[in-house]
Each structure stands twice: as structure tokens, then as C-alpha cells.
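Student: Pasting a structure below so you can have a look.
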Amino acid sequence: MAEALRIENLNFSIYENVRTPAAKGGVISKVFGNIFRSSSLTHRQILKDINMSLHPGETVCIGGPSGQGKSLLLRLIAGLEKPDSGSLFYFGEYIPREKHSALQIALRQVGLVLQNGALISNLTVRDNVALPLRYHRRGSEKEIAEKVGMALDLMRVSSVASNFPHTLSAGMLKRVAIARSWVMDPKLLLMDEPTAGLDNYNRRNLLPLIDNMRSLFQTTIVIVTHDLRMADELDSNLIFLHDKTLTEPHSFDYWMQSKEVFAVQLFRDLQKRDGLY
Amino acid sequence: MENEKSTLSPIGKIFDWLGKAFLKTTPGKLFALFVKTILSFFSANRNFRTDFRNVVLQTFFTGVEIFPILFVVASLFGTVVIVETMSIMSKVGFANVVGNVLVVTVVRELGPIFTAFLIAGRSGSALATMIGNMQINSEIDALSSMGISPIRYLVMPSLLGGVIAVFIMSICFCVSSLGMGYLISKIFVMVAGQTMNVQLTWNYLYTSLVDALTFTDFVMIVLKPLVFGIIIVINACYQGLRVERDFRNLPKATSRSVIFSFLYIVIADAMLSVFFIFQYLGEISKII
């Protein structure tokens, strides 16, 4: 059976416009230096030689310190960014760089849940969840209503179906966003920080829902998170983005006992904060 | 790609270079967005029910909500134009061209332009802000990740609704301007009496207007709002989509959507008015 996702030698850089004062020294340049600036384009490599392989139904968590490019990697997999080089295979199908776009990748049943939920603000929760089904004409209005109802029940957000997104809490926003992805029957689901900003109660409620998606629907799930305990609770492998590249996937326990400096640092922070491990 | 390039003739290469250079400029990007929007109308994911709803909502948002302001502006603008034209023209002995002046001023030029300015200022800026906010909140990314083309979902209904609204509002502006302008002017004349020295009757005004209207005016009544509507909506959507994920760009995008719409509208109006140059020259020669 083909792998759900395979990434080979992926590289990604950004080109930033850095503004620097036009001149240094002298009273005039000190006064006006901040106003008259020159811009220069700088090149910064964010991801280097990324290799990864996921089997259908597998869940993997990607961890690492902030600002390393974890969310960016997820955006690359979702097609929201184009890689500089490298190959991406979705369920065995190679997507060339010129076709690497979110619209193309979404057609391969790849779903994305963004960190803030990103619900369409002028649609109700029900309409948000129904939106992809209506757009792609997946059944009659009655069938769509049934599927939306099922998704809202599964994510336990039926009570707010008629609300607009701005009235929802962070936890509910995330659950609605997951429901919206789930209705399209994704075979590969990408989740960016699903537990960020959630209290323990909402976090405890969310994890079984993610686990259900894997066990009931055999969805392959990639989770980018700072919440390393999630890998343990979901019984999934943990990969770290370290020094611009991905480590090998290992279990939570493996990393706990690892002597790698970055892993020791991250788990020490976890112990200090939670005192659980 | 290399093979494809090598098959181009020297003239083809020049056009290829010019086309690519044009698409790198802002007007080029606006044109590309317009073409993509038109093509998206024929895309596989057509859902006329949803589209119709979105177009009606956009027309309502763009046009109907602005109508009270437009009505007041049109009425007072019409009053000023009618009173000034009738008093000045009769003083200098050109009372017979009052209809022509009104048609040129209200129907042909300032009516569509004022309407477009009002809609660009109110609805264009709101559209740019809405799309910019969606961009900042990653809603556009979310749409793309669901396989929903933002151009198909956001820009296309806005374009259709915007064009319909500008067209309807332009007609409303002209009718309000001339109708309410006449009524208010009549009240002024009745109050001021002979001091205004204006002989204003509906029959006179109506006859001179109908006589002055030409076939080209009717073409322009349709063409100008169509062009202005396209300019306002495409520019607003383009500025909104350019925001990316930086809050600092949102106020810039909003002001750019208004200012550049004004600029492009005036340029487009000047280009469309070229068609009238010969007519103007003919009329001036008649007067002289």
C-alpha cells in the first residue's frame, strides 16, 4: 500500500526585505537615518533536506522550539507554500513543483486545521462546516445537512451550530475547524497546534476526538505542536524539527530518555512546567 | 519550456517579453485577476444557487445600503446643476442647449463618476478591508486548503454584484439628480420668485433632455458603470489579497483601494470620453 505522505530532500528559504539606516555617523544621519532607509533582500534557509514518510492511519507529532519552521512545514505539505526543491508524494502520487498548490493538494483529500481555526467570519458554524460540501457539491442539501449534523455531534459543537465564529471560545473554534476538515473525509489531516491556548479541560476533550478520527476513519494525522505530551497520549511517534531538518521518528519515551541536547532541553522545560514526567 | 521558447518567432519573443513585463506591473496584475475571475465563472465547481445568493448579497451590500447617501448627493448635485445651467445659459442666450449641458454633465460624465466614487469610497474600501482581514486571519488559506478557490468564492460574486450595483446606482443617480433636482430647483424658484430669473417647467426640461439624448449616451450609460464597477471591485479585491498576514498592510490596502480606484476611474472615463471628441467638436462648431 502506498505511503500516505512521503517527503524527499525538501528545502525551503525565504527572501526578506531588511531595512537598514541609510548612513551611519554624523548628526544628520542620526536624525534622519531612521527615516531614509535602504532595503536589501536577504536570503534565509528555513528548512533543509527534510525527509519524512507516513503510512496510512499513522499519527505523528512534530515538535521543536518556536520559530524553527514547524508551521511552515505544515503549510508546505498543505500546498500553501512552494518548496525551493525536493519531492512530495501524496498517497504515492508525485506532485511537481509547478502544480504544488493548496487547491491541487486539497483535491487529494488532504485537510488542514490551522492554529486559529480560520473559520469564515461571516458564516455561521453550520454554514462553515457545510461550505466545502456545498462548494464541491457533495450531495443534496439534505445529505449535506445530515453530514454536517454528524460532524458537529462528533466534535460536540452542535449547541453552537447557529452561532457566528466570533462568539465561540478557542476550544470550540478548533473543534469546529476539525469538523469542517472532517466532513470532506480527509485521508491525510494536517493540524497546526490543536491544543494551543486550550485549558486542561478542553485539551482533555479534544484529544479523544483526534484519536477517534484515527481509529474510526483510519485518517493519517500530522500534528505540529509544542504540547509534547500529546504524542504520548495519542500513542504516536514524535519527530523534532532541529537545526532546519527533521529527526528520525521515535516514541515519546525514547525521546524522554534521549541524551540529545535539544531533546533534554525540551523535556526539561516540560518537566518544569507540568511536573508530570 | 525551453523548447517552447525557441519556437517563438522574433516578433513572438517581443510580445512574450512585453506580456510578461506587463503582468509584473500593477495594472497587469489587476488585469490578470480580472481574467482569472472571469475564467473562474466557468470553472468545474459551479453552484449557481450559492453564486446567486452571494451575488444578491453583494449587490445589496454594494448598492442598496449606499442608496440613501447617493440619493441626497444626487438630489443636491442635480439642483445645483439645473439652477446654475438654466440661469447662466439663459443669460448668455443659450437656453436651447440646457438639455445638452444637463445630459453631458449629469448623464454622461458626472453621474457615473460620482456613483463610482461613492461606491469605491464606501463599498470598495469595505471589500478591501474584509478580504484583507480574511487574509490576516488565514481564512483565505483555509479556503484554499479546502479546495475552494478564493477567486471563485470571493472575487467572482463581488465582481458580478459590484457591476450590477454600480449600473443600477448610476441610473438611480441620474434619475434622482434630474428628478429631485428639478423639484428642489422648482421650490427655490417659487421661493425666490423673479429674482432668480429662471423659467423652469418640467415640460421644457423633459423635452430638452430627451432631445439631447443620443444613442451613444445610452451605450455609455451601460458601458461606464460596467467598466467602473470592474475597476472598483477588482482593485479592492487585489488590494485586500495583497495584505498577506501583516496587520500594518490593512489600512494601506483600504486607502489604496479608494485612491487607486479614483485614479483608474478617471483614466477610464477620459479614455471612454475620447469617443465623444468628434461630437463635442461638432457641437462647439455649431455654437460658434
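By order of appearance in the C-alpha cells: chains A, B, ..., then residues from 1 within every chain, and ligands from 1 in the order shown.
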Using only C-alpha atoms, find each residue of chain B with at least one atom at most 9 Å away from an atom of chain A; report its shortest atom-to-atom pair and that distance in Å (one decimal), sort the rows by chain and rising residue number, and return the result as a tab-separated table.

Tutor:
residue	atom	partner	partner_atom	distance
B:Asn45	CA	A:His136	CA	6.1
B:Arg46	CA	A:Tyr135	CA	7.9
B:Asn47	CA	A:Tyr135	CA	6.9
B:Thr50	CA	A:Arg134	CA	8.1
B:Met134	CA	A:Ile120	CA	7.7
B:Asn137	CA	A:Ala118	CA	6.0
B:Ser138	CA	A:Ala118	CA	5.6
B:Glu139	CA	A:Ala118	CA	4.8
B:Ile140	CA	A:Ala118	CA	8.4
B:Asp141	CA	A:Leu80	CA	6.9
B:Ala142	CA	A:Ala118	CA	6.1
B:Leu143	CA	A:Pro132	CA	8.4
B:Ser144	CA	A:Ala102	CA	5.4
B:Ser145	CA	A:Ala102	CA	5.2
B:Met146	CA	A:Ala106	CA	5.7
B:Gly147	CA	A:Leu103	CA	4.4
B:Ile148	CA	A:Leu103	CA	6.8
B:Ser149	CA	A:Leu103	CA	6.9
B:Tyr153	CA	A:Tyr135	CA	8.6

Student: Residues of segment 24-202 of chain A classed as alpha helix (DSSP H) by DSSP on the backbone are to be reported as a PyMOL selection string.

Tutor: chain A and resi 27-32+70-78+102-106+125-135+141-154+170-182+200-202

Student: Which residues are near segment 252-258 of chain A? Cut-off 7 Å, only C-alpha atoms, ignore same chain within fewer than 4 positions. Put them as a ChimeraX atom specification.

Tutor: /A:231-232,237-238,263-264,267

Student: Write the residues you've just listed into a file as a PDB file, in the first residue's frame, and include C-alpha atoms for each of them.

Tutor:
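Here's the written file part-v6.pdb:
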ATOM      1  CA  ALA A 231       2.454  12.336  21.382  1.00  0.00           C
ATOM      2  CA  ASP A 232       2.325  10.141  24.493  1.00  0.00           C
ATOM      3  CA  ASN A 237       5.643   8.938  17.061  1.00  0.00           C
ATOM      4  CA  LEU A 238       7.385  12.197  17.763  1.00  0.00           C
ATOM      5  CA  ALA A 263      15.562  16.861  23.479  1.00  0.00           C
ATOM      6  CA  VAL A 264      16.972  17.147  27.014  1.00  0.00           C
ATOM      7  CA  PHE A 267      11.791  17.723  28.085  1.00  0.00           C
TER       8      PHE A 267
END

Student: Quick one: of B:Phe52, B:Tyr204, B:Phe60, B:Phe77, who's nearest to Gly181 of chain B, counting only C-alpha atoms?

Tutor: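 Using only C-alpha atoms, Gly181 of chain B sits closest to B:Phe77.
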
Student: Mind checking which residues fall within 8 Å of Lys187 of chain A, counting only C-alpha atoms, ignoring those fewer than 2 positions away in the same chain, and posting them as a list in words?

Tutor: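 So, after excluding close chain neighbours, the residues are Ala4, Pro56, Gln109, Val110, Gly111, Asp185, Leu189, Gln218, Thr219 and Thr220 of chain A.
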
Student: Would you save the residues from that selection as a compact mmCIF listing (two decimals), in the first residue's frame, using N, CA and C atoms?

Tutor:
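Final output, saved to selection-v4.txt:
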# COMPACT_ATOMS: atom_id res chain seq x y z
N ALA A 4 1.07 7.35 2.82
CA ALA A 4 0.13 8.48 2.80
C ALA A 4 0.86 9.76 2.42
N PRO A 56 -0.50 5.00 5.90
CA PRO A 56 -1.92 5.31 6.11
C PRO A 56 -2.35 4.94 7.53
N GLN A 109 -7.57 14.81 -1.12
CA GLN A 109 -8.15 14.51 0.21
C GLN A 109 -7.17 14.78 1.35
N VAL A 110 -6.54 15.96 1.25
CA VAL A 110 -5.65 16.40 2.33
C VAL A 110 -6.35 17.57 3.01
N GLY A 111 -6.56 17.46 4.32
CA GLY A 111 -7.23 18.53 5.08
C GLY A 111 -6.25 19.26 5.95
N ASP A 185 -13.95 14.03 4.45
CA ASP A 185 -13.33 12.71 4.53
C ASP A 185 -11.85 12.74 4.17
N LEU A 189 -4.75 14.35 7.40
CA LEU A 189 -5.18 15.57 8.08
C LEU A 189 -3.98 16.24 8.74
N GLN A 218 -9.44 5.76 10.04
CA GLN A 218 -8.11 5.46 9.51
C GLN A 218 -7.45 6.68 8.87
N THR A 219 -7.70 7.85 9.46
CA THR A 219 -7.11 9.08 8.91
C THR A 219 -5.64 9.17 9.33
N THR A 220 -4.79 9.52 8.38
CA THR A 220 -3.39 9.77 8.71
C THR A 220 -3.31 11.20 9.23

Student: What does the distance between atom CA of Tyr238 of chain B and atom CA of Val219 of chain B come to in Å, to one decimal place?

Tutor: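 Interatomic distance, atom CA of Tyr238 of chain B to atom CA of Val219 of chain B: 28.2 Å.
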
Student: Based on DSSP run over this structure's backbone, return all residues of segment 70-223 of chain A in strand (DSSP E or B), as a list of chain:residue names.

Tutor: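 Of segment 70-223 of chain A, only A:Ser85, A:Gly86, A:Ser87, A:Leu88, A:Phe89, A:Tyr90, A:Glu93, A:Tyr94, A:Ile95, A:Val110, A:Gly111, A:Leu112, A:Val113, A:Leu188, A:Leu189, A:Leu190, A:Met191, A:Asp192, A:Thr220, A:Ile221, A:Val222, A:Ile223 fall in strand (DSSP E or B).
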
Student: Residues near Asn9 of chain A, anyone? I mean within 12 Å using only C-alpha atoms, not counting same-chain ones fewer than 4 positions away, as a ChimeraX atom specification.

Tutor: /A:47-53,83-89,244-246

Student: Those same residues, written as a PDB file, in the first residue's frame with C-alpha atoms?

Tutor:
ATOM      1  CA  LEU A  47      14.128  24.012   6.036  1.00  0.00           C
ATOM      2  CA  LYS A  48      16.951  21.856   4.758  1.00  0.00           C
ATOM      3  CA  ASP A  49      16.915  18.278   3.492  1.00  0.00           C
ATOM      4  CA  ILE A  50      13.572  17.361   5.008  1.00  0.00           C
ATOM      5  CA  ASN A  51      12.733  13.680   4.629  1.00  0.00           C
ATOM      6  CA  MET A  52       9.642  12.075   6.045  1.00  0.00           C
ATOM      7  CA  SER A  53       7.399   9.107   5.381  1.00  0.00           C
ATOM      8  CA  PRO A  83       9.270  24.361  -1.813  1.00  0.00           C
ATOM      9  CA  ASP A  84      12.562  25.516  -3.353  1.00  0.00           C
ATOM     10  CA  SER A  85      13.435  21.937  -4.181  1.00  0.00           C
ATOM     11  CA  GLY A  86      12.525  18.407  -3.189  1.00  0.00           C
ATOM     12  CA  SER A  87       9.708  15.982  -3.914  1.00  0.00           C
ATOM     13  CA  LEU A  88       6.360  15.459  -2.231  1.00  0.00           C
ATOM     14  CA  PHE A  89       4.265  12.332  -2.781  1.00  0.00           C
ATOM     15  CA  LYS A 244      16.429  23.114   9.968  1.00  0.00           C
ATOM     16  CA  THR A 245      15.840  19.412   9.445  1.00  0.00           C
ATOM     17  CA  LEU A 246      13.705  16.594  10.827  1.00  0.00           C
TER      18      LEU A 246
END

Student: So which residues touch Leu223 of chain B within 12 Å, counting only C-alpha atoms, skipping near sequence neighbours fewer than 3 positions away, as a PDB file with C-alpha atoms, in the first residue's frame?

Tutor:
ATOM      1  CA  ARG B 108     -22.751  61.188 -19.446  1.00  0.00           C
ATOM      2  CA  PRO B 112     -21.468  57.640 -13.378  1.00  0.00           C
ATOM      3  CA  VAL B 163     -21.040  45.673 -11.533  1.00  0.00           C
ATOM      4  CA  ILE B 164     -24.814  45.210 -11.194  1.00  0.00           C
ATOM      5  CA  VAL B 166     -22.842  50.306  -9.960  1.00  0.00           C
ATOM      6  CA  PHE B 167     -25.087  50.039 -13.028  1.00  0.00           C
ATOM      7  CA  SER B 170     -25.734  55.089 -11.796  1.00  0.00           C
ATOM      8  CA  THR B 216     -24.132  56.935 -27.724  1.00  0.00           C
ATOM      9  CA  ASP B 217     -25.415  58.206 -24.374  1.00  0.00           C
ATOM     10  CA  PHE B 218     -27.405  55.025 -23.895  1.00  0.00           C
ATOM     11  CA  VAL B 219     -24.328  52.959 -24.779  1.00  0.00           C
ATOM     12  CA  MET B 220     -22.282  54.941 -22.257  1.00  0.00           C
ATOM     13  CA  LEU B 226     -19.685  48.287 -16.259  1.00  0.00           C
ATOM     14  CA  VAL B 227     -16.086  49.492 -16.576  1.00  0.00           C
ATOM     15  CA  PHE B 228     -16.168  51.439 -13.288  1.00  0.00           C
ATOM     16  CA  GLY B 229     -17.708  48.500 -11.425  1.00  0.00           C
ATOM     17  CA  ILE B 230     -14.983  46.177 -12.707  1.00  0.00           C
ATOM     18  CA  ALA B 268     -11.014  55.065 -17.820  1.00  0.00           C
ATOM     19  CA  ASP B 269     -13.528  57.909 -18.057  1.00  0.00           C
ATOM     20  CA  LEU B 272     -14.128  56.432 -22.879  1.00  0.00           C
ATOM     21  CA  SER B 273     -14.782  60.136 -23.450  1.00  0.00           C
TER      22      SER B 273
END

Student: Can you tell me, as a compact mmCIF listing (two decimals) with N, CA and C atoms, in the first residue's frame, what residues are no more than 9 Å from segment 64-67 of chain B when counting only C-alpha atoms, ignoring any on the same chain fewer than 3 positions away?

Tutor:
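Produced file part00.txt, reproduced below:
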# COMPACT_ATOMS: atom_id res chain seq x y z
N THR B 59 -24.70 42.59 -4.22
CA THR B 59 -25.41 43.72 -4.84
C THR B 59 -26.07 44.56 -3.75
N PHE B 60 -26.69 43.88 -2.80
CA PHE B 60 -27.35 44.57 -1.69
C PHE B 60 -26.33 45.38 -0.90
N PHE B 61 -25.21 44.72 -0.58
CA PHE B 61 -24.17 45.37 0.21
C PHE B 61 -23.58 46.57 -0.53
N LEU B 70 -26.43 58.27 -1.60
CA LEU B 70 -26.39 58.57 -3.03
C LEU B 70 -27.58 59.45 -3.45
N PHE B 71 -28.74 59.17 -2.87
CA PHE B 71 -29.95 59.92 -3.21
C PHE B 71 -29.79 61.39 -2.81
N VAL B 72 -29.28 61.62 -1.62
CA VAL B 72 -29.10 63.01 -1.13
C VAL B 72 -28.07 63.73 -2.00
N LEU B 118 -18.59 57.22 -4.97
CA LEU B 118 -19.30 56.89 -3.71
C LEU B 118 -19.16 55.40 -3.40
N ILE B 119 -19.32 54.58 -4.43
CA ILE B 119 -19.25 53.12 -4.20
C ILE B 119 -17.81 52.70 -3.90
N ARG B 122 -17.14 53.75 -0.29
CA ARG B 122 -17.89 53.03 0.74
C ARG B 122 -17.72 51.50 0.60
N SER B 123 -18.10 50.97 -0.54
CA SER B 123 -18.11 49.51 -0.68
C SER B 123 -16.75 48.95 -1.07
N ALA B 165 -24.57 46.51 -9.15
CA ALA B 165 -24.90 47.60 -8.22
C ALA B 165 -24.49 48.95 -8.80
N MET B 169 -27.13 51.82 -9.54
CA MET B 169 -26.95 53.07 -8.80
C MET B 169 -26.67 54.25 -9.72
N CYS B 172 -29.97 55.25 -10.90
CA CYS B 172 -30.65 55.92 -9.78
C CYS B 172 -30.11 57.33 -9.59
N PHE B 173 -28.78 57.47 -9.72
CA PHE B 173 -28.17 58.78 -9.53
C PHE B 173 -28.70 59.76 -10.57

Student: So what do you get for atom CA of Ile38 of chain B versus atom CA of Met156 of chain B, distance-wise?

Tutor: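 Between atom CA of Ile38 of chain B and atom CA of Met156 of chain B the gap is 7.3 Å.
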